[in-house]
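A.B. asks: I'd like to ask some things about the structure below.
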Amino acid sequence: MKKIVLLAIFMVTLCVNAQVKLTGVVKDSIGEPLEMANVLAIDKVTNKIASYGFTDPTGYYKLNVEKNTTILLKISYVGMKSADFTIETKTADIVTNVLLAYDNALDGINIVSKMPVTVKGDTIVYNADSFQNGSERKLEDVLKKLPGVEINDDGEIEVEGKTVEKIMVDGKDFFDGDTKLATKNIPSNALDKIEVLRNYADVSQLSGVQNNQDRVAINIKLKEGKKNFWFGDITAGGGDAPDETLYLLQPKLFYYSPKYTINVIGDVNNMGEVVLDRGDIRNFSGGFRSQSPSNGTNLSLASAGIGFLTANARNANRIETKLTALNFSYSPNKKLDLSGFLIFSSNSNGQQNNVTSDYVDPATPDDYTQSLTDQTSNTGLFKFSGNYKQNERKQFNYDVIGRFSNEFRTDDVNSLVLSDISENERSTPYKINQNFSYFYTADEKNIFALEAQHLIQDEDPFYVASLENDPSNNDDVNNDGFDDAAKTLGLNTSNIFYTLEQDRRVKSNQLDVKLDYYNILNDKSNLNFVVGTIQSVQNFDSKFFQILDNGTAFTPTPTIPGNLDPQTTNDTEYGFSDIYAGLRYRLKAGIFTFTPGVTLHAYNVKNTQYQTEIFKDQFQKVFPELSIIAQFKQSESLRFSYKQEVNFTDVNKLARGIVANSYNSFYYGYEELKNAHLHNVNLNYSSFNLFNYTNVFARINYKKTIDQINSIVNFENNSVVSSSTSLNSPYDNESFTASGRVGKTFNKIKTSLSANYNYSKTYQFLGDDENTNKLFAQSYRASVSTNFTKAPNVTLGYNLSLSDQDNSSRDAVVKGVTNAPSLGFDAYIWNSLTVRSDFSYSEVKQDGVVANSFKILDASFSYRKDKDAKWEYELVGSNLLASGSRSTVRTSNIAFTVNETFILPRFISLRVKYQL
């Protein structure tokens with residue numbers, strides 16, 4: 001690691017020593033300093049941008065340029081005449097002060113358009129070509145090089161610490177709902193400008209009356225040569241791997257015109273290259289987002305998905321991916337925009353996991369399991385959107401998105417305690433969400449916004465588990481097997497196998513409607529009145545039964561401690577109603593924007609089980625809220641918010657009947673669970689300084705939860721089989737998180753340093769014993785990357801994670817340390833060959849002992865005759881060090897576990913790409 005740090009220091013020192021500083025002050029004709037004037041240095045030999053920057057509030061600028069060269073210095077300011085200077089650099093620093101005269105605004109605008117980075121209000125515009133050296137292939141490669149932009153570990157784009165909501169291309173939504181389809185598929189050579197839209201608002205009428213500081217979108221401007229023509233590429237490849245033939249086919253085609261657009265993305269491969277995994281598909285929102293603020297109610301919708309493991313090249317030993325995606329938009333006239341997408345995704349994978357479990361309760365035997373998993377998820381997604389702007393005062397929106405899936409999973413598990421187990425799960429869930437909104441500006445003082453959303457969700461998982469049984473040993477009390485749990489569950493213990501089946505059906509039907517009225521009092525203030533309702537019905541039906549050796553179904557008679565009327569079936573309906581009204585006042589005073597508010601809620605919840613109403617609750621709540629924004633500069637702000645909210649549970653936690661979550665975990669609900677009450681405090685700071693290219697953001701959050709729904713876990717006579725239920729905790733749960741990032745660009749070098757802190761205090765009951773769990777986690781990340789035009793580029797990274805878990809059932813604090821350095825390299829050689837490699841290493845220690853070390857090396861060699869060549873040939877190597885497995889460490893209130901996961905073997909493939 002020391003060598004990597006020394007290499008980074010050497011690169012920075014080398015770059016600094018090879019340059020001289022060009023500084024000065026820019027003022028207008030009467031001597032007033034000009035802030036945000038554009039300063040551009042062009043190398044007259046190569047006729048390329050050598051450096052660029054902006055002036056600070058005092059008019060001061062600073063550029064680093066090469067020694068012993070000729071520089072054309074251009075200084076401009078919109079509305080003023082630009083100034084040009086030819087400068088011969090030697091070895092000494094140079095000072096050039098400039099006075100700009102008014103008039104001739106066009107020159108200023110022309111110079112601005114050539115700048116690598118410009119700011120227009122809340123929009124940051126990056127000139128894509130200024131950040132490319134020829135090794136880039138996709139949008140993601142360019143985004144990583146932009147100052148102020150980061151790609152996080154989940155592949156999401158972050159700007160000033162905020163996740164980018166959507167990506168548009170020439171103003172048209174690109175598969176609205178997930179940005180990864182854009183970042184990993186849009187070709188880099190099609191990019192002209194990348195516009196980061198801060199304070200983003202979908203509806204222009206509301207932009208002036210709402211606080212949108214947390215909303216960010218990106219709009220891609222295409223090069224003129226990519227419009228009204230098909231562009232994109234088609235990649236095909238193959239290779240060999242142990243016991244498998246590799247294949248890959250990826251067509252990515254795009255067509256853009258002012259009237260309509262078509263995007264087609266296909267992907268068939270077994271090389272572990274997953275653009276959208278099952279988790280991404282299930283979370284694909286399609287861009288559904290309310291235009292008005294949250295009103296304090298959080299209602300969990302019942303979810304009954306199968307235990308599907310997310311798979312990628314680093315946690316699966318077999319992955320087969322099929323993806324077909326079509327995105328379109330059509331504008332028959334200036335008032336109407338139609339758009340939508342169709343996506344089919346099939347992910348089939350295999351996983352092998354070895355898990356060591358050290359249970360918190362010393363009386364519970366530790367376990368070691370080996371499992372082989374095969375799982376498949378076939379999902380279809382569709383979305384249709386219509387946007388009709390009748391005029392500047394009236395706008396109608398309608399969206400419908402649906403998801404239909406067919407999923408199944410099998411597990412073969414060998415347990416040190418429970419012997420051999422087989423599990424099977426299958427499900428065919430679907431979800432349909434519709435959204436209608438109407439925005440009406442009556443006059444310059446009055447704006448109305450009506451929004452309605454309807455959701456239908458249906459999930460039907462079916463679970464089967466089979467465990468070995470020794471009927472002759474059913475009186476054994478050593479608790480080494482399933483016998484004691486079987487007695488508690490009321491199973492027939494005379495069979496060779498315990499075959500358990502769980503059949504569930506969970507339906508949700510929810511309607512959200514709200515009406516916002518904005519009264520603009522003056523240029524500095526406005527009122528927002530809101531009335532609305534949430535109406536929800538959740539139905540839960542299930543049956544837990546045993547299949548005997550002769551094939552007949554047997555209904556158990558459980559005797560679970562604490563459950564006065566244990567059932568093996570569920571017939572539950574959970575009705576929820578929230579009717580609310582609220583008022584917010586927004587005031588701008590100098591640099592501050594104050595938005596205090598209050599919302600009154602009338603709640604009505606009803607729990608009906610087995611056709612009998614067993615619980616009903618009606619109550620009212622008043623929730624105050626406050627938002628304060630201090631806008632120090634155009635790109636620097638401090639934001640504070642306080643909100644009170646309530647969390648309501650879902651029908652799964654209310655149904656009294658037994659549910660088999662897995663072969664060793666059974667759950668039964670508690671019908672009288674109440675809502676949890678939250679106090680949520682946030683403080684956010686963000687700054688993007690174009691003078692010194694320093695990007696800073698920090699976030700602090702404190703959350704206190706009263707009546708938090710926590711669990712009670714009972715291990716059956718000290719075995720590894722547990723039953724659990726839920727209760728409203730008599731203690732308040734607390735969490736405190738703090739995070740920050742500082743990014744700075746030094747000419748061709750981009751640096752980033754980030755830190756995250758998390759402290760949480762939660763409660764749980766292990767049997768009759770109250771269990772307190774305190775977790776303090778820290779993580780630090782540092783990275784340095786270069787962006788030279790000719791020289792090879794290097795990205796150095798280092799991650800350090802620390803965790804301390806203090807559990808009241810343990811005698812000592814469990815300490816974890818993870819060290820993870822990484823090194824990336826790319827070079828564009830001879831204007832034809834691109835060489836890339838990525839190396840990462842991870843070492844996990846638990847209480848000072850190395851639990852796992854893991855290293856991965858990927859590399860690729862790509863050849864194309866020149867940047868405009870149609871054909872490209874690529875040799876790709878994955879997991880070149882042939883690492884076989886990796887381990888992750890997890891701590892919870894119940895157990896400390898080490899999970900060893902086997903990964904894809906070494907792959908080497910040859911690919912051919914044709915560019916349209």
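Residue numbers start at 1 in each chain; chains themselves are named A, B, ... in the order of the structure tokens; ligands are numbered from 1 in the order shown.
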Might you pull out every residue within 9 Å of stretch 837-841 of chain A, with only C-alpha atoms counted and same-chain residues fewer than 5 positions away left off, and present them as a list in words?

C.D. replies: Thr795, Gly797, Asn819, Ala820, Pro821, Ser822, Leu823, Gly824, Phe825, Asp826, Ser853, Phe854, Lys855, Ile856, Leu857, Asp858, Ala859, Ser860 and Phe861 of chain A

A.B. asks: Out of stretch 465-613 of chain A, which residues get strand (DSSP E or B) from DSSP, as a PyMOL selection string?

C.D. replies: chain A and resi 465-468+497-520+525-547+553-554+569-589+592-609+612-613

A.B. asks: Hey, what's within 9 Å of stretch 204-214 of chain A if we count only C-alpha atoms and toss same-chain stuff fewer than 2 positions away? As an NGL selection string, please?

C.D. replies: :A and (162-163 or 198-202 or 216 or 291-293 or 392-393 or 439-441 or 447 or 449 or 518 or 520 or 525-528 or 586 or 593 or 595 or 629 or 639)

A.B. asks: So that I can check the secondary structure, give me every residue of stretch 476-556 of chain A assigned helix (DSSP H, G or I) by backbone DSSP, as JSON, numbers by chain.

C.D. replies: {"A": [483, 484, 485, 486, 487, 488, 489]}

A.B. asks: Compile the contact shell of A:Leu600 as a list in words: residues with an atom at most 12 Å away, counting only C-alpha atoms, same-chain residues fewer than 6 positions apart removed.

C.D. replies: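 In the requested form, the answer reads Asn295, Gly296, Thr297, Phe529, Val530, Val531, Gly532, Thr533, Asp578, Ile579, Tyr580, Ala581, Gly582, Leu583, Arg584, Phe619, Gln620, Lys621, Val622, Phe623, Pro624, Glu625, Gln644 and Glu645 of chain A.
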
A.B. asks: Output the selection as a PDB file, in the first residue's frame - N, CA and C atoms for each residue.

C.D. replies:
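This went into result21.pdb:
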ATOM      1  N   ASN A 295     -45.850  14.080   3.392  1.00  0.00           N
ATOM      2  CA  ASN A 295     -46.717  14.651   4.421  1.00  0.00           C
ATOM      3  C   ASN A 295     -46.685  13.876   5.728  1.00  0.00           C
ATOM      4  N   GLY A 296     -45.643  13.042   5.918  1.00  0.00           N
ATOM      5  CA  GLY A 296     -45.392  12.476   7.233  1.00  0.00           C
ATOM      6  C   GLY A 296     -45.831  11.057   7.468  1.00  0.00           C
ATOM      7  N   THR A 297     -46.523  10.425   6.520  1.00  0.00           N
ATOM      8  CA  THR A 297     -46.992   9.055   6.709  1.00  0.00           C
ATOM      9  C   THR A 297     -46.168   8.095   5.856  1.00  0.00           C
ATOM     10  N   PHE A 529     -51.232  25.042   0.814  1.00  0.00           N
ATOM     11  CA  PHE A 529     -52.270  24.283   1.507  1.00  0.00           C
ATOM     12  C   PHE A 529     -52.361  22.909   0.831  1.00  0.00           C
ATOM     13  N   VAL A 530     -52.450  21.858   1.628  1.00  0.00           N
ATOM     14  CA  VAL A 530     -52.550  20.517   1.067  1.00  0.00           C
ATOM     15  C   VAL A 530     -53.622  19.736   1.802  1.00  0.00           C
ATOM     16  N   VAL A 531     -54.421  19.001   1.058  1.00  0.00           N
ATOM     17  CA  VAL A 531     -55.364  18.036   1.617  1.00  0.00           C
ATOM     18  C   VAL A 531     -55.189  16.738   0.842  1.00  0.00           C
ATOM     19  N   GLY A 532     -55.327  15.631   1.534  1.00  0.00           N
ATOM     20  CA  GLY A 532     -55.139  14.371   0.838  1.00  0.00           C
ATOM     21  C   GLY A 532     -55.576  13.186   1.663  1.00  0.00           C
ATOM     22  N   THR A 533     -55.452  12.025   1.054  1.00  0.00           N
ATOM     23  CA  THR A 533     -55.819  10.791   1.733  1.00  0.00           C
ATOM     24  C   THR A 533     -55.002   9.633   1.195  1.00  0.00           C
ATOM     25  N   ASP A 578     -55.795   7.218   6.016  1.00  0.00           N
ATOM     26  CA  ASP A 578     -55.173   8.452   6.500  1.00  0.00           C
ATOM     27  C   ASP A 578     -55.798   9.614   5.734  1.00  0.00           C
ATOM     28  N   ILE A 579     -56.440  10.516   6.462  1.00  0.00           N
ATOM     29  CA  ILE A 579     -56.976  11.742   5.871  1.00  0.00           C
ATOM     30  C   ILE A 579     -56.238  12.904   6.520  1.00  0.00           C
ATOM     31  N   TYR A 580     -55.641  13.757   5.702  1.00  0.00           N
ATOM     32  CA  TYR A 580     -54.771  14.781   6.278  1.00  0.00           C
ATOM     33  C   TYR A 580     -54.981  16.128   5.590  1.00  0.00           C
ATOM     34  N   ALA A 581     -54.568  17.164   6.298  1.00  0.00           N
ATOM     35  CA  ALA A 581     -54.554  18.529   5.781  1.00  0.00           C
ATOM     36  C   ALA A 581     -53.335  19.229   6.362  1.00  0.00           C
ATOM     37  N   GLY A 582     -52.710  20.071   5.563  1.00  0.00           N
ATOM     38  CA  GLY A 582     -51.493  20.712   6.025  1.00  0.00           C
ATOM     39  C   GLY A 582     -51.320  22.106   5.473  1.00  0.00           C
ATOM     40  N   LEU A 583     -50.412  22.850   6.092  1.00  0.00           N
ATOM     41  CA  LEU A 583     -50.110  24.215   5.685  1.00  0.00           C
ATOM     42  C   LEU A 583     -48.612  24.432   5.801  1.00  0.00           C
ATOM     43  N   ARG A 584     -48.022  24.995   4.750  1.00  0.00           N
ATOM     44  CA  ARG A 584     -46.603  25.372   4.750  1.00  0.00           C
ATOM     45  C   ARG A 584     -46.479  26.833   4.314  1.00  0.00           C
ATOM     46  N   PHE A 619     -57.126   7.497  15.671  1.00  0.00           N
ATOM     47  CA  PHE A 619     -56.440   8.531  16.424  1.00  0.00           C
ATOM     48  C   PHE A 619     -56.019   9.646  15.479  1.00  0.00           C
ATOM     49  N   GLN A 620     -55.600  10.747  16.070  1.00  0.00           N
ATOM     50  CA  GLN A 620     -55.168  11.916  15.303  1.00  0.00           C
ATOM     51  C   GLN A 620     -53.730  12.265  15.706  1.00  0.00           C
ATOM     52  N   LYS A 621     -53.001  12.827  14.746  1.00  0.00           N
ATOM     53  CA  LYS A 621     -51.625  13.261  14.987  1.00  0.00           C
ATOM     54  C   LYS A 621     -51.404  14.617  14.334  1.00  0.00           C
ATOM     55  N   VAL A 622     -50.616  15.448  15.006  1.00  0.00           N
ATOM     56  CA  VAL A 622     -50.193  16.730  14.445  1.00  0.00           C
ATOM     57  C   VAL A 622     -48.674  16.684  14.279  1.00  0.00           C
ATOM     58  N   PHE A 623     -48.198  16.895  13.047  1.00  0.00           N
ATOM     59  CA  PHE A 623     -46.780  16.813  12.751  1.00  0.00           C
ATOM     60  C   PHE A 623     -46.228  18.181  12.357  1.00  0.00           C
ATOM     61  N   PRO A 624     -45.357  18.767  13.183  1.00  0.00           N
ATOM     62  CA  PRO A 624     -44.682  19.995  12.767  1.00  0.00           C
ATOM     63  C   PRO A 624     -43.473  19.669  11.901  1.00  0.00           C
ATOM     64  N   GLU A 625     -43.053  20.601  11.093  1.00  0.00           N
ATOM     65  CA  GLU A 625     -41.864  20.436  10.259  1.00  0.00           C
ATOM     66  C   GLU A 625     -41.238  21.802  10.019  1.00  0.00           C
ATOM     67  N   GLN A 644     -41.444  15.361  11.829  1.00  0.00           N
ATOM     68  CA  GLN A 644     -42.010  14.259  12.575  1.00  0.00           C
ATOM     69  C   GLN A 644     -42.804  13.395  11.602  1.00  0.00           C
ATOM     70  N   GLU A 645     -42.654  12.081  11.748  1.00  0.00           N
ATOM     71  CA  GLU A 645     -43.315  11.150  10.843  1.00  0.00           C
ATOM     72  C   GLU A 645     -43.816   9.951  11.635  1.00  0.00           C
TER      73      GLU A 645
END

A.B. asks: Report, in Å with one decimal, the straight-line distance from atom CA of A:Gln351 to atom CA of A:Ser885.

C.D. replies: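 These atoms are spaced 10.8 Å apart.
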
A.B. asks: Here is a test: counting only C-alpha atoms, which residue of A:Asp366, A:Asp868, A:Glu459, A:Asp192 is nearest to A:Ala895?

C.D. replies: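 Closest candidate: A:Asp366.
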
A.B. asks: Pick out the residues sitting within 12 Å of A:Asp154, and hand them over as a ChimeraX atom specification; count only C-alpha atoms, and ignore anything fewer than 6 positions along from it in its own chain.

C.D. replies: /A:163,178-180,275-277,279-280,312

A.B. asks: Excluding A:Ala304 and residues on its chain fewer than 5 positions from it, collect all residues at most 9 Å away from it, counting only C-alpha atoms, and give them as a list in words.

C.D. replies: Pro429, Asp458, Glu459, Asp460, Pro461, Arg504, Arg505, Val506 and Asn652 of chain A

A.B. asks: Please identify all polymer residues within 10 Å of A:Leu904, counting only C-alpha atoms, omitting same-chain residues fewer than 5 positions from it, and present them as a list of chain:residue names.

C.D. replies: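 That gives A:Ala241, A:Met271, A:Gly272, A:Asn312, A:Ala313, A:Arg314, A:Asn315, A:Ala316, A:Asn317, A:Arg318, A:Ile319, A:Gly350, A:Gln351, A:Ser878, A:Asn879, A:Ala882, A:Ser883, A:Gly884, A:Ser885.
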
A.B. asks: For those residues, write C-alpha atoms to a file as a PDB file, in the first residue's frame.

C.D. replies:
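File produced: out_16.pdb:
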ATOM      1  CA  ALA A 241     -13.981 -21.462 -19.289  1.00  0.00           C
ATOM      2  CA  MET A 271     -19.779 -13.980 -18.595  1.00  0.00           C
ATOM      3  CA  GLY A 272     -21.239 -12.373 -15.489  1.00  0.00           C
ATOM      4  CA  ASN A 312     -22.922 -10.677  -9.883  1.00  0.00           C
ATOM      5  CA  ALA A 313     -19.469 -11.737 -10.993  1.00  0.00           C
ATOM      6  CA  ARG A 314     -18.177 -11.384  -7.427  1.00  0.00           C
ATOM      7  CA  ASN A 315     -20.720 -13.511  -5.558  1.00  0.00           C
ATOM      8  CA  ALA A 316     -21.886 -16.238  -7.974  1.00  0.00           C
ATOM      9  CA  ASN A 317     -20.215 -19.153  -9.711  1.00  0.00           C
ATOM     10  CA  ARG A 318     -22.626 -19.204 -12.657  1.00  0.00           C
ATOM     11  CA  ILE A 319     -24.537 -16.334 -14.287  1.00  0.00           C
ATOM     12  CA  GLY A 350     -25.808 -20.508  -9.288  1.00  0.00           C
ATOM     13  CA  GLN A 351     -24.196 -19.792  -5.939  1.00  0.00           C
ATOM     14  CA  SER A 878     -11.821 -11.498 -15.916  1.00  0.00           C
ATOM     15  CA  ASN A 879     -10.567 -12.778 -12.564  1.00  0.00           C
ATOM     16  CA  ALA A 882      -8.180 -17.120 -10.466  1.00  0.00           C
ATOM     17  CA  SER A 883      -9.520 -16.220  -7.030  1.00  0.00           C
ATOM     18  CA  GLY A 884     -11.930 -18.934  -5.978  1.00  0.00           C
ATOM     19  CA  SER A 885     -14.007 -17.328  -3.250  1.00  0.00           C
TER      20      SER A 885
END
